[in-house]
2 protein chains.
Amino acid sequence: MEAARGAPFEARLGANELSFGPSPVAIAAMQAELSDIWKYGIPDNAPLVAALAAHHGIDPACITVGEGIDGLLGTLVRLYVDQGDAVVTSAGSYPTFNYHVAGFGGVLHTVAYDGDHEDPMALIDTARTVGAKLVYLSNPNNPMGSVHSAQVVQDMIAAVPEGCLMVLDEAYTEFAPEQTRPPLDPSDRRVIRFRTFSKAYGMAGARIGYGISHPDVATSFDKVRNHFGVNRIALAGAVAALSDHAYLGATLKTVAAGRARLAQIAQDNGLTPLPSATNFVTMDCGRDGDYARALLAALARRGVFVRMPGIAPLDRCIRVSVGLPAEIAVFAERLPLALGDLA
Amino acid sequence: MEAARGAPFEARLGANELSFGPSPVAIAAMQAELSDIWKYGIPDNAPLVAALAAHHGIDPACITVGEGIDGLLGTLVRLYVDQGDAVVTSAGSYPTFNYHVAGFGGVLHTVAYDGDHEDPMALIDTARTVGAKLVYLSNPNNPMGSVHSAQVVQDMIAAVPEGCLMVLDEAYTEFAPEQTRPPLDPSDRRVIRFRTFSKAYGMAGARIGYGISHPDVATSFDKVRNHFGVNRIALAGAVAALSDHAYLGATLKTVAAGRARLAQIAQDNGLTPLPSATNFVTMDCGRDGDYARALLAALARRGVFVRMPGIAPLDRCIRVSVGLPAEIAVFAERLPLALGDLA
């Protein structure tokens, strides 16, 4: 979009990136690694696997590192979904998962949101009815910012039908309260959980994420993954980023403050901010999808990049990332103008 | 292997990496890009596509950028090979291509080398006989270092049977003489050519390569590739590396000198160096595969990492990369000792 308009947006608030960037420790580690860029990567990603195992207190055999959650989802779908196999997700949830399912010939069954939340038990019921190989839940949810309690997620895991694997996408979990994360239990074969360095760790351009699952599930990735696929810079940066607890703590505070500011801006302009457990605030415009799409376009014309859910009834909303304070100030200034453009 | 032995090798000459590293211009570009690592990548890889189009004098629509040739080969096999489809390659040629074929359920048919060269017309004959979807040729060839003239390759392209696509892996082409490269002709639907920044450009750890083909073939990758899969650092580094013609020129001279030195070391020790159009020298040990494997192990015990072809009769050889002068000196010192270990 920036290429098409011939200039960067004044406020880049559409991709849920961490505009503050990663820890300086991670930047330094990536910079140091540049002198080894001529070497191929480490095929088992051992340094990061070991760091993650220590960080989470789990066995390294439960961890799969890959080229971002997008890459890992692609490999997962390849491993689990044959032509015509059923897969279940929520109508309007993370679209890239759906593209992978379509790409490998799976048949997607969608379940409506329950208000602004994904509906865990409806997802399970549909998975059972259609004999799904995979059932997807994001917690916290993209694009709505909503989150379920650990207990609700745990109940969903417990109800996963035989022959089905639950895909628990926790890309945003670091931004969410502790009590929304079920304890990690890699002895459970019913679920694989995905985490990333693209969001709270601020390394979206490095392409690195990981899965946590039963070792049998984790090992299955080794059958087909691109064994030298993870960039050395990304690997070094992720190990360092994981070690900087203070920076992550500061990030979470800054993001919480930014969420509050975005919510206030929404209210000041007659939009309804939805509660968010992420680094974005989804704002209900109170009208239909055409109106929200027109608002998105008006904001873009005024130099503000935001995005929105693609499917009704979620598409009554726009989704605004916590950017830099200066970008949020631009949004505060341009939102009333863009709303005026539509009046 | 370095993790298993608990220390780096004294001479890392096994992976055909460019131990000298990439252009300082590329390093500087990657370092500068670190400040944008929080942003997702550029989904159409436009800056590199444009630079490559200008560099090669071809239409940007003919170029597909991806996560190294390994990643691109995986996507290609996924697009072209269904369960049970036939694919043809040479027995002992690049194994990662074969893993992708197996991974997508293809059936691999292999053709013997003609001496130390792949046998283009035998590959074509077999492709026609088995109705292959893909036929693979590396030029120059890994692991033997041999190369065919542009005319031989052009004749092979002209003979590709209907319904088959030729995969021309040119990972090492920058090291080879000009007259081994047929002119680029992206109007030809019979061939896709792969190039990389991992070899002559010294960026193996960055994971970036590209395909050149008819636009219809190039565009087909867009259907399934990971659209944000290419790391920002890799993209910025590749654009810069491509621009530094002087550094590439110096690299090619240094590598040529290293090849000559490796050939001399081989001869000094009673091994026969094969002519090489790459950044490695394959050395015929004059005995069987068990002997070469034992020599490989003896070299590893003495701190020297080299590799060898996996399949007879090629496995009478070991394959030694042009490393730093100090590493080549270590090899010169340890090779007679390792040969002595076997005596």
# chains A, B, ... in the order shown; residues from 1 in each chain; ligands from 1
call {"tool": "select_by_dssp", "arguments": {"residues": "stretch 76-259 of chain A", "states": "helix (DSSP H, G or I)", "output": "ChimeraX atom specification"}}
result
/A:76-80,95-103,120-130,150-158,173-175,178-180,204-206,215-223,232-243,245-259
call {"tool": "residues_around", "arguments": {"residues": "A:Lys253", "least_positions_apart": "3", "cutoff": "12 Å", "atoms": "only C-alpha atoms", "output": "list in words"}}
result
Glu174, Phe175, Ala176, Ala200, Ala246, Tyr247, Leu248, Gly249, Ala250, Ala256, Ala257, Gly258, Arg259, Ala260, Thr278, Asn279 and Val322 of chain A
call {"tool": "closest_residue", "arguments": {"among": "A:Gln264, A:Ser187, A:Ser35, A:Ser23", "to": "chain B", "atoms": "only C-alpha atoms"}}
result
A:Ser35
call {"tool": "residues_around", "arguments": {"residues": "A:Arg232", "least_positions_apart": "2", "cutoff": "6 Å", "atoms": "only C-alpha atoms", "output": "ChimeraX atom specification"}}
result
/A:41,234-235 /B:205
call {"tool": "residues_around", "arguments": {"residues": "B:Leu165", "least_positions_apart": "5", "cutoff": "12 Å", "atoms": "only C-alpha atoms", "output": "PDB file with N, CA and C atoms, in the first residue's frame"}}
result
ATOM      1  N   LEU B  76       8.026 -25.129  -5.886  1.00  0.00           N
ATOM      2  CA  LEU B  76       7.900 -25.611  -7.261  1.00  0.00           C
ATOM      3  C   LEU B  76       7.364 -27.041  -7.297  1.00  0.00           C
ATOM      4  N   VAL B  77       7.941 -27.906  -6.471  1.00  0.00           N
ATOM      5  CA  VAL B  77       7.495 -29.304  -6.453  1.00  0.00           C
ATOM      6  C   VAL B  77       6.033 -29.367  -6.014  1.00  0.00           C
ATOM      7  N   LEU B  79       3.769 -27.186  -6.538  1.00  0.00           N
ATOM      8  CA  LEU B  79       2.907 -26.699  -7.618  1.00  0.00           C
ATOM      9  C   LEU B  79       2.792 -27.700  -8.760  1.00  0.00           C
ATOM     10  N   TYR B  80       3.865 -28.469  -9.011  1.00  0.00           N
ATOM     11  CA  TYR B  80       3.914 -29.272 -10.238  1.00  0.00           C
ATOM     12  C   TYR B  80       3.735 -30.770 -10.018  1.00  0.00           C
ATOM     13  N   VAL B  81       3.947 -31.242  -8.786  1.00  0.00           N
ATOM     14  CA  VAL B  81       4.001 -32.691  -8.579  1.00  0.00           C
ATOM     15  C   VAL B  81       2.854 -33.154  -7.674  1.00  0.00           C
ATOM     16  N   ALA B  86       5.759 -38.461 -11.883  1.00  0.00           N
ATOM     17  CA  ALA B  86       7.169 -38.774 -12.122  1.00  0.00           C
ATOM     18  C   ALA B  86       8.027 -37.512 -12.193  1.00  0.00           C
ATOM     19  N   VAL B  87       9.219 -37.629 -11.653  1.00  0.00           N
ATOM     20  CA  VAL B  87      10.220 -36.558 -11.676  1.00  0.00           C
ATOM     21  C   VAL B  87      11.564 -37.209 -12.005  1.00  0.00           C
ATOM     22  N   VAL B  88      12.390 -36.501 -12.764  1.00  0.00           N
ATOM     23  CA  VAL B  88      13.671 -37.080 -13.189  1.00  0.00           C
ATOM     24  C   VAL B  88      14.839 -36.210 -12.737  1.00  0.00           C
ATOM     25  N   ILE B 124      16.532 -36.200 -20.532  1.00  0.00           N
ATOM     26  CA  ILE B 124      15.373 -35.895 -21.384  1.00  0.00           C
ATOM     27  C   ILE B 124      14.686 -37.190 -21.833  1.00  0.00           C
ATOM     28  N   ALA B 127      12.776 -38.508 -18.990  1.00  0.00           N
ATOM     29  CA  ALA B 127      11.604 -37.657 -18.726  1.00  0.00           C
ATOM     30  C   ALA B 127      10.491 -37.985 -19.711  1.00  0.00           C
ATOM     31  N   ARG B 128      10.858 -38.204 -20.973  1.00  0.00           N
ATOM     32  CA  ARG B 128       9.841 -38.522 -21.986  1.00  0.00           C
ATOM     33  C   ARG B 128       9.236 -39.900 -21.707  1.00  0.00           C
ATOM     34  N   GLY B 131       7.057 -39.776 -18.559  1.00  0.00           N
ATOM     35  CA  GLY B 131       6.058 -38.705 -18.505  1.00  0.00           C
ATOM     36  C   GLY B 131       6.290 -37.774 -17.332  1.00  0.00           C
ATOM     37  N   ALA B 132       7.553 -37.358 -17.136  1.00  0.00           N
ATOM     38  CA  ALA B 132       7.908 -36.556 -15.955  1.00  0.00           C
ATOM     39  C   ALA B 132       7.263 -35.177 -15.977  1.00  0.00           C
ATOM     40  N   LYS B 133       6.898 -34.706 -14.795  1.00  0.00           N
ATOM     41  CA  LYS B 133       6.420 -33.328 -14.648  1.00  0.00           C
ATOM     42  C   LYS B 133       7.592 -32.354 -14.540  1.00  0.00           C
ATOM     43  N   LEU B 134       8.679 -32.831 -13.932  1.00  0.00           N
ATOM     44  CA  LEU B 134       9.872 -31.995 -13.761  1.00  0.00           C
ATOM     45  C   LEU B 134      11.103 -32.808 -14.129  1.00  0.00           C
ATOM     46  N   VAL B 135      12.081 -32.146 -14.741  1.00  0.00           N
ATOM     47  CA  VAL B 135      13.401 -32.771 -14.962  1.00  0.00           C
ATOM     48  C   VAL B 135      14.458 -31.774 -14.484  1.00  0.00           C
ATOM     49  N   TYR B 136      15.345 -32.255 -13.610  1.00  0.00           N
ATOM     50  CA  TYR B 136      16.283 -31.378 -12.906  1.00  0.00           C
ATOM     51  C   TYR B 136      17.690 -31.492 -13.479  1.00  0.00           C
ATOM     52  N   LEU B 137      18.303 -30.331 -13.690  1.00  0.00           N
ATOM     53  CA  LEU B 137      19.729 -30.293 -14.045  1.00  0.00           C
ATOM     54  C   LEU B 137      20.372 -29.162 -13.258  1.00  0.00           C
ATOM     55  N   MET B 156      19.241 -29.154 -24.436  1.00  0.00           N
ATOM     56  CA  MET B 156      18.382 -29.879 -23.496  1.00  0.00           C
ATOM     57  C   MET B 156      17.042 -29.163 -23.334  1.00  0.00           C
ATOM     58  N   ILE B 157      17.094 -27.838 -23.179  1.00  0.00           N
ATOM     59  CA  ILE B 157      15.846 -27.071 -23.052  1.00  0.00           C
ATOM     60  C   ILE B 157      14.957 -27.314 -24.273  1.00  0.00           C
ATOM     61  N   ALA B 158      15.584 -27.288 -25.445  1.00  0.00           N
ATOM     62  CA  ALA B 158      14.819 -27.445 -26.685  1.00  0.00           C
ATOM     63  C   ALA B 158      14.153 -28.817 -26.770  1.00  0.00           C
ATOM     64  N   ALA B 159      14.708 -29.788 -26.039  1.00  0.00           N
ATOM     65  CA  ALA B 159      14.197 -31.160 -26.126  1.00  0.00           C
ATOM     66  C   ALA B 159      13.234 -31.516 -24.988  1.00  0.00           C
ATOM     67  N   VAL B 160      12.948 -30.581 -24.098  1.00  0.00           N
ATOM     68  CA  VAL B 160      12.044 -30.885 -22.973  1.00  0.00           C
ATOM     69  C   VAL B 160      10.685 -31.322 -23.516  1.00  0.00           C
ATOM     70  N   ASP B 188      10.299 -18.576 -22.826  1.00  0.00           N
ATOM     71  CA  ASP B 188      10.326 -20.035 -22.966  1.00  0.00           C
ATOM     72  C   ASP B 188       9.650 -20.688 -21.765  1.00  0.00           C
ATOM     73  N   ARG B 189       8.545 -21.376 -22.013  1.00  0.00           N
ATOM     74  CA  ARG B 189       7.777 -21.989 -20.934  1.00  0.00           C
ATOM     75  C   ARG B 189       8.365 -23.316 -20.475  1.00  0.00           C
ATOM     76  N   ARG B 190       9.442 -23.761 -21.100  1.00  0.00           N
ATOM     77  CA  ARG B 190       9.941 -25.113 -20.816  1.00  0.00           C
ATOM     78  C   ARG B 190      10.933 -25.178 -19.673  1.00  0.00           C
ATOM     79  N   VAL B 191      11.349 -24.026 -19.152  1.00  0.00           N
ATOM     80  CA  VAL B 191      12.424 -24.049 -18.155  1.00  0.00           C
ATOM     81  C   VAL B 191      12.229 -22.972 -17.102  1.00  0.00           C
ATOM     82  N   ILE B 192      12.563 -23.311 -15.850  1.00  0.00           N
ATOM     83  CA  ILE B 192      12.714 -22.304 -14.805  1.00  0.00           C
ATOM     84  C   ILE B 192      14.145 -22.391 -14.294  1.00  0.00           C
ATOM     85  N   ARG B 193      14.791 -21.247 -14.173  1.00  0.00           N
ATOM     86  CA  ARG B 193      16.187 -21.197 -13.735  1.00  0.00           C
ATOM     87  C   ARG B 193      16.250 -20.612 -12.338  1.00  0.00           C
ATOM     88  N   SER B 213      11.688 -17.322 -15.057  1.00  0.00           N
ATOM     89  CA  SER B 213      10.856 -18.215 -15.880  1.00  0.00           C
ATOM     90  C   SER B 213       9.860 -17.379 -16.673  1.00  0.00           C
ATOM     91  N   HIS B 214       9.084 -18.072 -17.485  1.00  0.00           N
ATOM     92  CA  HIS B 214       7.933 -17.428 -18.121  1.00  0.00           C
ATOM     93  C   HIS B 214       7.041 -16.829 -17.025  1.00  0.00           C
ATOM     94  N   VAL B 217       4.657 -19.103 -15.207  1.00  0.00           N
ATOM     95  CA  VAL B 217       5.272 -19.985 -14.207  1.00  0.00           C
ATOM     96  C   VAL B 217       5.594 -19.177 -12.943  1.00  0.00           C
TER      97      VAL B 217
END
call {"tool": "select_by_dssp", "arguments": {"residues": "stretch 95-332 of chain A", "states": "strand (DSSP E)", "output": "MDAnalysis selection string"}}
result
chainID A and resid 107:111 134:138 165:169 191:196 209:212 272:273 280:284 304:305 317:321
call {"tool": "closest_residue", "arguments": {"among": "A:Ile212, A:Ala343, A:Ala332, A:Val111", "to": "A:Arg195", "atoms": "only C-alpha atoms"}}
result
A:Ile212
call {"tool": "interface_residues", "arguments": {"of": "chain A", "to": "chain B", "cutoff": "8 Å", "atoms": "only C-alpha atoms", "output": "ChimeraX atom specification"}}
result
/A:15,17-22,27,30-31,34-41,67-68,70-71,100,103,198,202-207,223-224,226,229-233
call {"tool": "residues_around", "arguments": {"residues": "A:Asp116", "least_positions_apart": "5", "cutoff": "10 Å", "atoms": "only C-alpha atoms", "output": "ChimeraX atom specification"}}
result
/A:141,143-147,274-275,282,313-314
call {"tool": "atom_distance", "arguments": {"atom1": "atom CA of B:Ala238", "atom2": "atom CA of A:Pro8"}}
result
22.1 Å
call {"tool": "closest_residue", "arguments": {"among": "A:Ala294, A:Leu13, A:Ile311, A:Val304", "to": "A:Leu342", "atoms": "only C-alpha atoms"}}
result
A:Ala294
